[in-house]
Amino acid sequence: MSERSAMEQEWWRTALFYQVFPLSFQDSNGDGRGDIRGIISRLPYLEWLGVDAIWLGPVYRSSMVDSGYDISDFCDIDPVFGTLAGFDDLVSQVHARGMKLIIDFVPNHTSVEHPWFKESRASRDNSKRDWYIWRSPRPGNTAPSNWIDNTWQPAWELDPRTGQYYYHRFLRQQPDLNFRNPDVRRAIQDVLRFWLDRGVDGFRLDAAADLLEDELLRDEPREDDAAQQKPPAWKDHIFSTDRPGTIELLSEFRSVVDSYPGRVLLGEVNVTKANFAKYYGLERPALNLPFNFELLNLKNWSAPHVSAVIDQYLTQLPPDGCPNWLLGSHDVPRLRQRIGSEHLQGAAVLAFTLPGAVLIYYGDELGLDNAEIPQEVMVDPYAEFGFGRDPQRVPMPWDNSANFGFSTATPYLPCAPEASSRNMDYQKRDHRSLLNLYRRLAELRGNQNVLRHGTYIPGPCYGHLLQFRRELGSHSLNVALNFGPDPILIEGHQGKVVLSTSLERQGETITDGLLLQPYEGLILEQTSN
Ligand code: GLC
């Protein structure tokens, strides 16, 4: 393969992924919920922003208990979102604009409404019984193990019809498929082919580390519960997550994806730092991009902490493993909530200039904050357990028309806070806005080979300063970020400012030391050392 065509095949290595949460992006039919036609109507915006690939949340037929993550038909579109024909249209329109489309893929579980589960629960000798994980009670009539689900409730549900329990890693309405059954593996691979044949460019594999459970159903340690930070207690799941055999299973999926040129397999692997690297695959390739949750999970957004997680992550990457940086998602509070508004610009500069792929969550480019949502209008079932995710899932604010351009009807969730200025149209017209910074950064990544393919060289970090360099041949860009409220003087730097969060510095020539303004992020083209 020529270098150029290898680069085309592996476009994802340097891509900017933009996550669309389908219910909340754009409504086209006036029911207050987002849909596929709505997304199509907003493609010009994503193209303008410089997005390379859209990661589309689940739009499958669903019982909609978990916003589409409870699928009742893997090969159809839910009427809330549209139709298969509309989906095909989305694929071709995304491609016509030079972007890619990745879809969420949720094989770990189905909805209780899925015909497979309906059959499976019908009787102990049903041919689909073993497609899910059924077990009899333990002596004393207790659940088959002490495992807890994602809501911290027992992970086993007794089904009175047959007197056995089924296992659910997530909600009780989401029974886990049994991936030790070859028929399930085959059926799920067929689903992958179904969507690949429709032209999708890849998948974001949901809960990729949770697909297999311990065959002996050994109890998990609970004694340190009090010390655990809940939820979710990922590190407790030593027998129900990250089990031997998972990587082999993922490489089977990968072979299917690889049989179609230029496709990609991303995966949600929320495992310990020590364990993520193997998800790239050991003997055989597994995920192209196992998600890197380090920036997302970081509790302390300070220069030393950020530079430490970057270093730890990059040194653990396997050879040829492509780095990726996740800034936000539908499962965690908004970036603004997590890191503070003063850091929003710097975080964008950081993520867009580190090596590898970047993943951003819709609305973070506008600096959206978590919304206050009254209990009675919450839709996420996790709200009942005290950690609802609706606040980070509210409708995208587009302009200052009714419902901020999201819908002609009352939206299914309230609007985002301060949407009269934090909306797309308003920020597009303000050249100092966060949105325009994202756009400039995306453009710069597109234009500067060094940002896509250059080596990463960490620089001296002290106090509130974080620095690194990207180098390609003789071309070198210095990235300097001030995480603090006071200016910082960096001696010895010379060059031209290619981009700064202080717009007036664009093009400035630095001759003798660089004075970074509070919270400034700056990219300097080095002319000499
Ligand atoms: C993943 C999704 C989350 C969903 C869960 C169950 O963690 O990101 O939103 O609730 O899987 O599918």
# chains A, B, ... in the order shown; residues from 1 in each chain; ligands from 1
$ residues_around --residues "A:Leu489" --least-positions-apart "4" --cutoff "12 Å" --atoms "only C-alpha atoms" --output "list in words"
Tyr462, Gly463, His464, Leu465, Ala480, Leu481, Asn482, His493, Ile510, Asp512, Gly513, Leu514, Leu515, Leu516, Gln517, Pro518 and Glu520 of chain A
$ write_last_selection --atoms "N, CA and C atoms" --output "mmCIF file, in the first residue's frame"
data_model
loop_
_atom_site.group_PDB
_atom_site.id
_atom_site.type_symbol
_atom_site.label_atom_id
_atom_site.label_comp_id
_atom_site.auth_asym_id
_atom_site.auth_seq_id
_atom_site.Cartn_x
_atom_site.Cartn_y
_atom_site.Cartn_z
ATOM 1 N N TYR A 462 6.241 23.728 34.729
ATOM 2 C CA TYR A 462 6.395 24.136 36.126
ATOM 3 C C TYR A 462 5.271 25.099 36.476
ATOM 4 N N GLY A 463 4.906 25.098 37.754
ATOM 5 C CA GLY A 463 3.798 25.951 38.185
ATOM 6 C C GLY A 463 2.566 25.665 37.347
ATOM 7 N N HIS A 464 2.039 26.725 36.742
ATOM 8 C CA HIS A 464 0.818 26.565 35.943
ATOM 9 C C HIS A 464 1.116 26.363 34.456
ATOM 10 N N LEU A 465 2.374 26.116 34.138
ATOM 11 C CA LEU A 465 2.747 26.023 32.723
ATOM 12 C C LEU A 465 2.817 24.575 32.236
ATOM 13 N N ALA A 480 2.097 26.081 24.223
ATOM 14 C CA ALA A 480 2.288 26.519 25.603
ATOM 15 C C ALA A 480 0.938 26.879 26.193
ATOM 16 N N LEU A 481 0.676 26.344 27.383
ATOM 17 C CA LEU A 481 -0.625 26.584 28.021
ATOM 18 C C LEU A 481 -0.421 27.090 29.429
ATOM 19 N N ASN A 482 -1.095 28.175 29.720
ATOM 20 C CA ASN A 482 -1.061 28.715 31.080
ATOM 21 C C ASN A 482 -2.347 28.309 31.794
ATOM 22 N N HIS A 493 12.112 31.603 24.089
ATOM 23 C CA HIS A 493 11.295 31.274 22.910
ATOM 24 C C HIS A 493 11.416 32.353 21.843
ATOM 25 N N ILE A 510 7.735 36.720 18.149
ATOM 26 C CA ILE A 510 8.332 36.646 19.481
ATOM 27 C C ILE A 510 9.852 36.615 19.295
ATOM 28 N N ASP A 512 12.173 37.594 22.080
ATOM 29 C CA ASP A 512 12.963 37.369 23.278
ATOM 30 C C ASP A 512 12.065 37.000 24.449
ATOM 31 N N GLY A 513 11.654 35.764 24.453
ATOM 32 C CA GLY A 513 10.814 35.315 25.563
ATOM 33 C C GLY A 513 9.339 35.518 25.282
ATOM 34 N N LEU A 514 8.568 34.549 25.740
ATOM 35 C CA LEU A 514 7.130 34.568 25.478
ATOM 36 C C LEU A 514 6.380 34.842 26.775
ATOM 37 N N LEU A 515 5.570 35.881 26.764
ATOM 38 C CA LEU A 515 4.770 36.182 27.944
ATOM 39 C C LEU A 515 3.364 35.629 27.719
ATOM 40 N N LEU A 516 3.066 34.586 28.477
ATOM 41 C CA LEU A 516 1.728 33.975 28.344
ATOM 42 C C LEU A 516 0.754 34.675 29.264
ATOM 43 N N GLN A 517 -0.373 35.064 28.740
ATOM 44 C CA GLN A 517 -1.419 35.709 29.539
ATOM 45 C C GLN A 517 -2.139 34.662 30.407
ATOM 46 N N PRO A 518 -2.865 35.110 31.456
ATOM 47 C CA PRO A 518 -3.613 34.157 32.278
ATOM 48 C C PRO A 518 -4.483 33.242 31.413
ATOM 49 N N GLU A 520 -3.987 31.544 29.002
ATOM 50 C CA GLU A 520 -3.797 31.570 27.546
ATOM 51 C C GLU A 520 -3.256 30.233 27.034
#
$ residues_near_ligand --ligand "ligand 1" --cutoff "8 Å" --atoms "only C-alpha atoms and all ligand atoms" --output "PyMOL selection string"
chain A and resi 66-67+69-70+106+108-109+170-171+174+206-207+268+329-331
$ write_last_selection --atoms "all heavy atoms" --output "CSV table (one decimal), in the first residue's frame"
chain,number,residue,atom,x,y,z
A,66,ASP,N,-33.2,3.7,28.0
A,66,ASP,CA,-31.9,4.3,28.2
A,66,ASP,C,-31.5,5.1,26.9
A,66,ASP,O,-30.4,4.8,26.3
A,66,ASP,CB,-30.9,3.2,28.5
A,66,ASP,CG,-29.5,3.7,28.8
A,66,ASP,OD1,-29.3,4.9,29.1
A,66,ASP,OD2,-28.5,2.9,28.8
A,67,SER,N,-32.3,6.0,26.5
A,67,SER,CA,-32.1,6.9,25.3
A,67,SER,C,-31.5,6.1,24.1
A,67,SER,O,-30.6,6.7,23.4
A,67,SER,CB,-31.1,8.0,25.7
A,67,SER,OG,-31.6,8.8,26.8
A,69,TYR,N,-30.0,3.1,24.1
A,69,TYR,CA,-29.0,2.1,24.4
A,69,TYR,C,-29.6,0.8,24.8
A,69,TYR,O,-29.0,-0.1,25.3
A,69,TYR,CB,-28.0,2.6,25.5
A,69,TYR,CG,-27.0,3.6,24.9
A,69,TYR,CD1,-27.2,4.9,25.0
A,69,TYR,CD2,-25.8,3.1,24.3
A,69,TYR,CE1,-26.3,5.8,24.4
A,69,TYR,CE2,-24.9,4.0,23.8
A,69,TYR,CZ,-25.1,5.4,23.9
A,69,TYR,OH,-24.2,6.2,23.3
A,70,ASP,N,-30.9,0.7,24.7
A,70,ASP,CA,-31.7,-0.5,24.9
A,70,ASP,C,-32.4,-0.9,23.6
A,70,ASP,O,-33.5,-0.5,23.3
A,70,ASP,CB,-32.6,-0.4,26.1
A,70,ASP,CG,-33.5,0.9,26.0
A,70,ASP,OD1,-33.0,1.9,25.5
A,70,ASP,OD2,-34.7,0.8,26.4
A,106,VAL,N,-24.1,-1.4,20.2
A,106,VAL,CA,-24.4,-1.8,21.6
A,106,VAL,C,-24.7,-3.3,21.7
A,106,VAL,O,-25.8,-3.7,21.9
A,106,VAL,CB,-25.6,-0.9,22.1
A,106,VAL,CG1,-25.6,-1.0,23.7
A,106,VAL,CG2,-25.5,0.5,21.7
A,108,ASN,N,-23.5,-5.5,24.0
A,108,ASN,CA,-23.4,-6.1,25.3
A,108,ASN,C,-24.8,-6.6,25.8
A,108,ASN,O,-24.9,-7.7,26.4
A,108,ASN,CB,-22.8,-5.2,26.3
A,108,ASN,CG,-22.8,-5.8,27.7
A,108,ASN,OD1,-22.0,-6.7,27.9
A,108,ASN,ND2,-23.6,-5.3,28.6
A,109,HIS,N,-25.8,-5.9,25.4
A,109,HIS,CA,-27.2,-6.2,25.9
A,109,HIS,C,-28.2,-5.8,24.9
A,109,HIS,O,-27.9,-5.1,23.9
A,109,HIS,CB,-27.4,-5.5,27.2
A,109,HIS,CG,-27.0,-4.0,27.1
A,109,HIS,ND1,-25.7,-3.6,27.5
A,109,HIS,CD2,-27.6,-2.9,26.7
A,109,HIS,CE1,-25.6,-2.3,27.3
A,109,HIS,NE2,-26.8,-1.8,26.8
A,170,PHE,N,-26.1,-3.4,33.1
A,170,PHE,CA,-26.6,-2.0,33.1
A,170,PHE,C,-28.0,-2.1,33.8
A,170,PHE,O,-28.1,-2.7,34.9
A,170,PHE,CB,-26.6,-1.4,31.8
A,170,PHE,CG,-25.1,-1.2,31.3
A,170,PHE,CD1,-24.4,-2.2,30.6
A,170,PHE,CD2,-24.4,-0.1,31.7
A,170,PHE,CE1,-23.1,-2.0,30.2
A,170,PHE,CE2,-23.1,0.1,31.4
A,170,PHE,CZ,-22.4,-0.9,30.6
A,171,LEU,N,-29.0,-1.6,33.1
A,171,LEU,CA,-30.3,-1.6,33.8
A,171,LEU,C,-31.0,-2.9,33.7
A,171,LEU,O,-30.6,-3.7,32.8
A,171,LEU,CB,-31.2,-0.5,33.1
A,171,LEU,CG,-30.7,0.9,33.0
A,171,LEU,CD1,-31.6,1.7,32.1
A,171,LEU,CD2,-30.7,1.5,34.4
A,174,GLN,N,-32.1,-4.1,30.5
A,174,GLN,CA,-31.0,-4.4,29.5
A,174,GLN,C,-30.3,-5.7,29.7
A,174,GLN,O,-29.2,-5.7,30.2
A,174,GLN,CB,-30.0,-3.2,29.5
A,174,GLN,CG,-30.6,-1.9,29.0
A,174,GLN,CD,-29.7,-0.7,29.3
A,174,GLN,OE1,-29.2,-0.6,30.4
A,174,GLN,NE2,-29.5,0.1,28.3
A,206,ASP,N,-20.0,0.1,22.3
A,206,ASP,CA,-20.4,0.4,23.7
A,206,ASP,C,-20.0,-0.7,24.6
A,206,ASP,O,-20.0,-1.9,24.3
A,206,ASP,CB,-22.0,0.5,23.6
A,206,ASP,CG,-22.6,1.0,24.9
A,206,ASP,OD1,-22.4,2.2,25.2
A,206,ASP,OD2,-23.2,0.2,25.6
A,207,ALA,N,-19.6,-0.3,25.8
A,207,ALA,CA,-19.3,-1.2,26.9
A,207,ALA,C,-18.4,-2.4,26.4
A,207,ALA,O,-18.6,-3.6,26.8
A,207,ALA,CB,-20.6,-1.8,27.5
A,268,GLU,N,-15.6,1.8,23.8
A,268,GLU,CA,-15.6,2.3,25.2
A,268,GLU,C,-15.0,1.3,26.1
A,268,GLU,O,-15.6,0.2,26.3
A,268,GLU,CB,-17.1,2.6,25.5
A,268,GLU,CG,-17.2,3.1,26.9
A,268,GLU,CD,-18.7,3.0,27.5
A,268,GLU,OE1,-19.4,2.1,27.1
A,268,GLU,OE2,-19.0,3.8,28.3
A,329,SER,N,-18.5,13.5,26.9
A,329,SER,CA,-19.4,12.5,26.4
A,329,SER,C,-20.8,12.7,27.1
A,329,SER,O,-20.9,13.5,28.0
A,329,SER,CB,-18.9,11.1,26.7
A,329,SER,OG,-19.4,10.6,27.9
A,330,HIS,N,-21.7,11.9,26.6
A,330,HIS,CA,-23.1,11.9,27.1
A,330,HIS,C,-23.2,11.3,28.5
A,330,HIS,O,-24.3,11.4,29.1
A,330,HIS,CB,-24.0,11.2,26.2
A,330,HIS,CG,-23.7,9.8,26.0
A,330,HIS,ND1,-22.4,9.3,25.5
A,330,HIS,CD2,-24.4,8.6,26.3
A,330,HIS,CE1,-22.4,8.0,25.5
A,330,HIS,NE2,-23.6,7.6,26.0
A,331,ASP,N,-22.2,10.7,29.0
A,331,ASP,CA,-22.2,10.0,30.3
A,331,ASP,C,-21.7,10.8,31.5
A,331,ASP,O,-21.8,10.5,32.6
A,331,ASP,CB,-21.5,8.7,30.2
A,331,ASP,CG,-22.2,7.7,29.4
A,331,ASP,OD1,-23.5,7.7,29.4
A,331,ASP,OD2,-21.6,6.8,28.8
$ residues_around --residues "stretch 43-57 of chain A" --least-positions-apart "4" --cutoff "8 Å" --atoms "only C-alpha atoms" --output "list in words"
Ala15, Leu16, Phe17, Tyr18, Gln19, Val20, Phe21, Pro22, Ile39, Gly68, Gln93, Val94, Arg97, Gly98, Met99, Lys100, Leu101, Ile102, Ile103, Asp104, Arg204, Tyr438, Arg439, Ala442 and Glu443 of chain A
$ residues_around --residues "A:Pro374" --least-positions-apart "5" --cutoff "12 Å" --atoms "only C-alpha atoms" --output "PDB file with C-alpha atoms, in the first residue's frame"
ATOM      1  CA  VAL A 379     -35.884  11.157  31.390  1.00  0.00           C
ATOM      2  CA  ALA A 383     -31.771  10.037  37.812  1.00  0.00           C
ATOM      3  CA  GLY A 388     -28.969  11.278  36.067  1.00  0.00           C
ATOM      4  CA  ASP A 390     -29.945  14.645  31.476  1.00  0.00           C
ATOM      5  CA  PRO A 391     -28.105  17.829  32.532  1.00  0.00           C
ATOM      6  CA  LEU A 413     -35.671  18.317  27.933  1.00  0.00           C
ATOM      7  CA  PRO A 414     -35.322  21.965  28.979  1.00  0.00           C
TER       8      PRO A 414
END
$ select_by_dssp --residues "stretch 432-505 of chain A" --states "helix (DSSP H, G or I)" --output "list in words"
Leu434, Leu435, Asn436, Leu437, Tyr438, Arg439, Arg440, Leu441, Ala442, Glu443, Leu444, Arg445, Gly446, Asn447, Asn449, Val450, Leu451, Arg452, His453, Leu503, Glu504 and Arg505 of chain A
$ write_last_selection --atoms "N, CA and C atoms" --output "compact mmCIF listing (two decimals), in the first residue's frame"
# COMPACT_ATOMS: atom_id res chain seq x y z
N LEU A 434 -15.77 30.84 21.68
CA LEU A 434 -15.18 29.51 21.82
C LEU A 434 -15.40 28.72 20.53
N LEU A 435 -16.59 28.87 19.97
CA LEU A 435 -16.89 28.15 18.73
C LEU A 435 -15.87 28.48 17.64
N ASN A 436 -15.58 29.77 17.48
CA ASN A 436 -14.62 30.12 16.43
C ASN A 436 -13.21 29.66 16.76
N LEU A 437 -12.90 29.53 18.05
CA LEU A 437 -11.60 28.96 18.41
C LEU A 437 -11.54 27.48 17.98
N TYR A 438 -12.61 26.74 18.26
CA TYR A 438 -12.66 25.33 17.82
C TYR A 438 -12.46 25.25 16.30
N ARG A 439 -13.13 26.14 15.63
CA ARG A 439 -13.04 26.08 14.17
C ARG A 439 -11.62 26.39 13.69
N ARG A 440 -11.01 27.40 14.30
CA ARG A 440 -9.64 27.75 13.89
C ARG A 440 -8.70 26.58 14.18
N LEU A 441 -8.93 25.93 15.32
CA LEU A 441 -8.07 24.81 15.68
C LEU A 441 -8.24 23.64 14.70
N ALA A 442 -9.50 23.39 14.33
CA ALA A 442 -9.76 22.30 13.38
C ALA A 442 -9.08 22.61 12.04
N GLU A 443 -9.16 23.86 11.65
CA GLU A 443 -8.56 24.27 10.39
C GLU A 443 -7.04 24.13 10.43
N LEU A 444 -6.48 24.52 11.56
CA LEU A 444 -5.04 24.43 11.72
C LEU A 444 -4.56 22.97 11.65
N ARG A 445 -5.30 22.09 12.31
CA ARG A 445 -4.96 20.66 12.23
C ARG A 445 -4.99 20.18 10.79
N GLY A 446 -5.99 20.68 10.06
CA GLY A 446 -6.10 20.30 8.66
C GLY A 446 -4.92 20.80 7.84
N ASN A 447 -4.46 22.01 8.15
CA ASN A 447 -3.41 22.62 7.31
C ASN A 447 -2.01 22.24 7.72
N ASN A 449 0.60 19.71 8.68
CA ASN A 449 0.99 18.30 8.77
C ASN A 449 1.63 17.96 10.09
N VAL A 450 2.37 18.95 10.62
CA VAL A 450 3.12 18.68 11.84
C VAL A 450 2.16 18.36 13.00
N LEU A 451 0.97 18.95 12.97
CA LEU A 451 0.02 18.66 14.05
C LEU A 451 -0.61 17.27 13.89
N ARG A 452 -0.67 16.82 12.67
CA ARG A 452 -1.26 15.49 12.46
C ARG A 452 -0.20 14.39 12.56
N HIS A 453 0.96 14.66 11.99
CA HIS A 453 1.93 13.56 11.89
C HIS A 453 3.22 13.79 12.66
N LEU A 503 -6.84 36.62 20.62
CA LEU A 503 -6.84 36.78 19.16
C LEU A 503 -5.85 37.81 18.65
N GLU A 504 -5.66 38.88 19.44
CA GLU A 504 -4.79 39.95 18.94
C GLU A 504 -3.34 39.51 18.76
N ARG A 505 -2.99 38.35 19.29
CA ARG A 505 -1.60 37.90 19.18
C ARG A 505 -1.30 37.15 17.89
$ select_by_dssp --residues "stretch 41-132 of chain A" --states "strand (DSSP E)" --output "count of residues only"
20
$ residues_around --residues "A:Phe253" --least-positions-apart "4" --cutoff "8 Å" --atoms "only C-alpha atoms" --output "mmCIF file with N, CA, C and O atoms, in the first residue's frame"
data_model
loop_
_atom_site.group_PDB
_atom_site.id
_atom_site.type_symbol
_atom_site.label_atom_id
_atom_site.label_comp_id
_atom_site.auth_asym_id
_atom_site.auth_seq_id
_atom_site.Cartn_x
_atom_site.Cartn_y
_atom_site.Cartn_z
ATOM 1 N N GLN A 189 -22.089 -10.380 14.525
ATOM 2 C CA GLN A 189 -21.235 -10.048 13.368
ATOM 3 C C GLN A 189 -22.087 -9.729 12.135
ATOM 4 O O GLN A 189 -21.740 -8.859 11.345
ATOM 5 N N LEU A 192 -23.068 -6.213 12.306
ATOM 6 C CA LEU A 192 -21.997 -5.307 11.845
ATOM 7 C C LEU A 192 -22.009 -5.213 10.324
ATOM 8 O O LEU A 192 -21.942 -4.115 9.753
ATOM 9 N N LEU A 249 -12.647 -11.834 21.409
ATOM 10 C CA LEU A 249 -13.976 -11.510 20.895
ATOM 11 C C LEU A 249 -13.937 -10.206 20.089
ATOM 12 O O LEU A 249 -14.488 -10.112 18.983
ATOM 13 N N VAL A 257 -14.896 -5.811 10.519
ATOM 14 C CA VAL A 257 -14.764 -4.397 10.140
ATOM 15 C C VAL A 257 -13.634 -4.239 9.120
ATOM 16 O O VAL A 257 -13.764 -3.517 8.125
ATOM 17 N N ALA A 286 -7.427 -5.623 17.772
ATOM 18 C CA ALA A 286 -8.763 -5.583 18.382
ATOM 19 C C ALA A 286 -9.393 -4.226 18.045
ATOM 20 O O ALA A 286 -9.860 -4.026 16.935
#
$ closest_residue --among "A:Ser145, A:Thr527, A:Thr501, A:Thr241" --to "A:Asn275" --atoms "only C-alpha atoms"
A:Thr241
$ residues_around --residues "A:Leu344" --least-positions-apart "4" --cutoff "9 Å" --atoms "only C-alpha atoms" --output "ChimeraX atom specification"
/A:335-336,339-340,348-349,364,367,434
$ closest_atom_pairs --of "stretch 152-269 of chain A" --to "stretch 312-325 of chain A" --cutoff "12 Å" --atoms "only C-alpha atoms" --output "CSV"
residue,atom,partner,partner_atom,distance
A:Val264,CA,A:Cys322,CA,11.9
A:Leu266,CA,A:Asn324,CA,10.1
A:Gly267,CA,A:Asn324,CA,11.2
A:Glu268,CA,A:Asn324,CA,12.0
$ atom_distance --atom1 "atom CA of A:Asp149" --atom2 "atom CA of A:Gly34"
28.9 Å
$ residues_around --residues "A:Tyr260" --least-positions-apart "4" --cutoff "10 Å" --atoms "only C-alpha atoms" --output "list of chain:residue names"
A:Arg193, A:Leu196, A:Asp197, A:Gly199, A:Asp201, A:Gly202, A:Ser255, A:Val256, A:Val264
$ write_last_selection --atoms "C-alpha atoms" --output "PDB file, in the first residue's frame"
ATOM      1  CA  ARG A 193     -22.123  -6.370   8.201  1.00  0.00           C
ATOM      2  CA  LEU A 196     -21.129  -1.760   6.927  1.00  0.00           C
ATOM      3  CA  ASP A 197     -23.040  -2.693   3.775  1.00  0.00           C
ATOM      4  CA  GLY A 199     -21.889   2.439   4.122  1.00  0.00           C
ATOM      5  CA  ASP A 201     -17.411   4.115   8.278  1.00  0.00           C
ATOM      6  CA  GLY A 202     -17.184   2.306  11.569  1.00  0.00           C
ATOM      7  CA  SER A 255     -11.887  -8.856  11.322  1.00  0.00           C
ATOM      8  CA  VAL A 256     -15.400  -8.150  10.121  1.00  0.00           C
ATOM      9  CA  VAL A 264     -12.697   1.916  12.040  1.00  0.00           C
TER      10      VAL A 264
END
$ atom_distance --atom1 "atom CA of A:Phe25" --atom2 "atom CA of A:Leu499"
29.7 Å
$ atom_distance --atom1 "atom CA of A:Gln337" --atom2 "atom CA of A:Tyr456"
28.9 Å
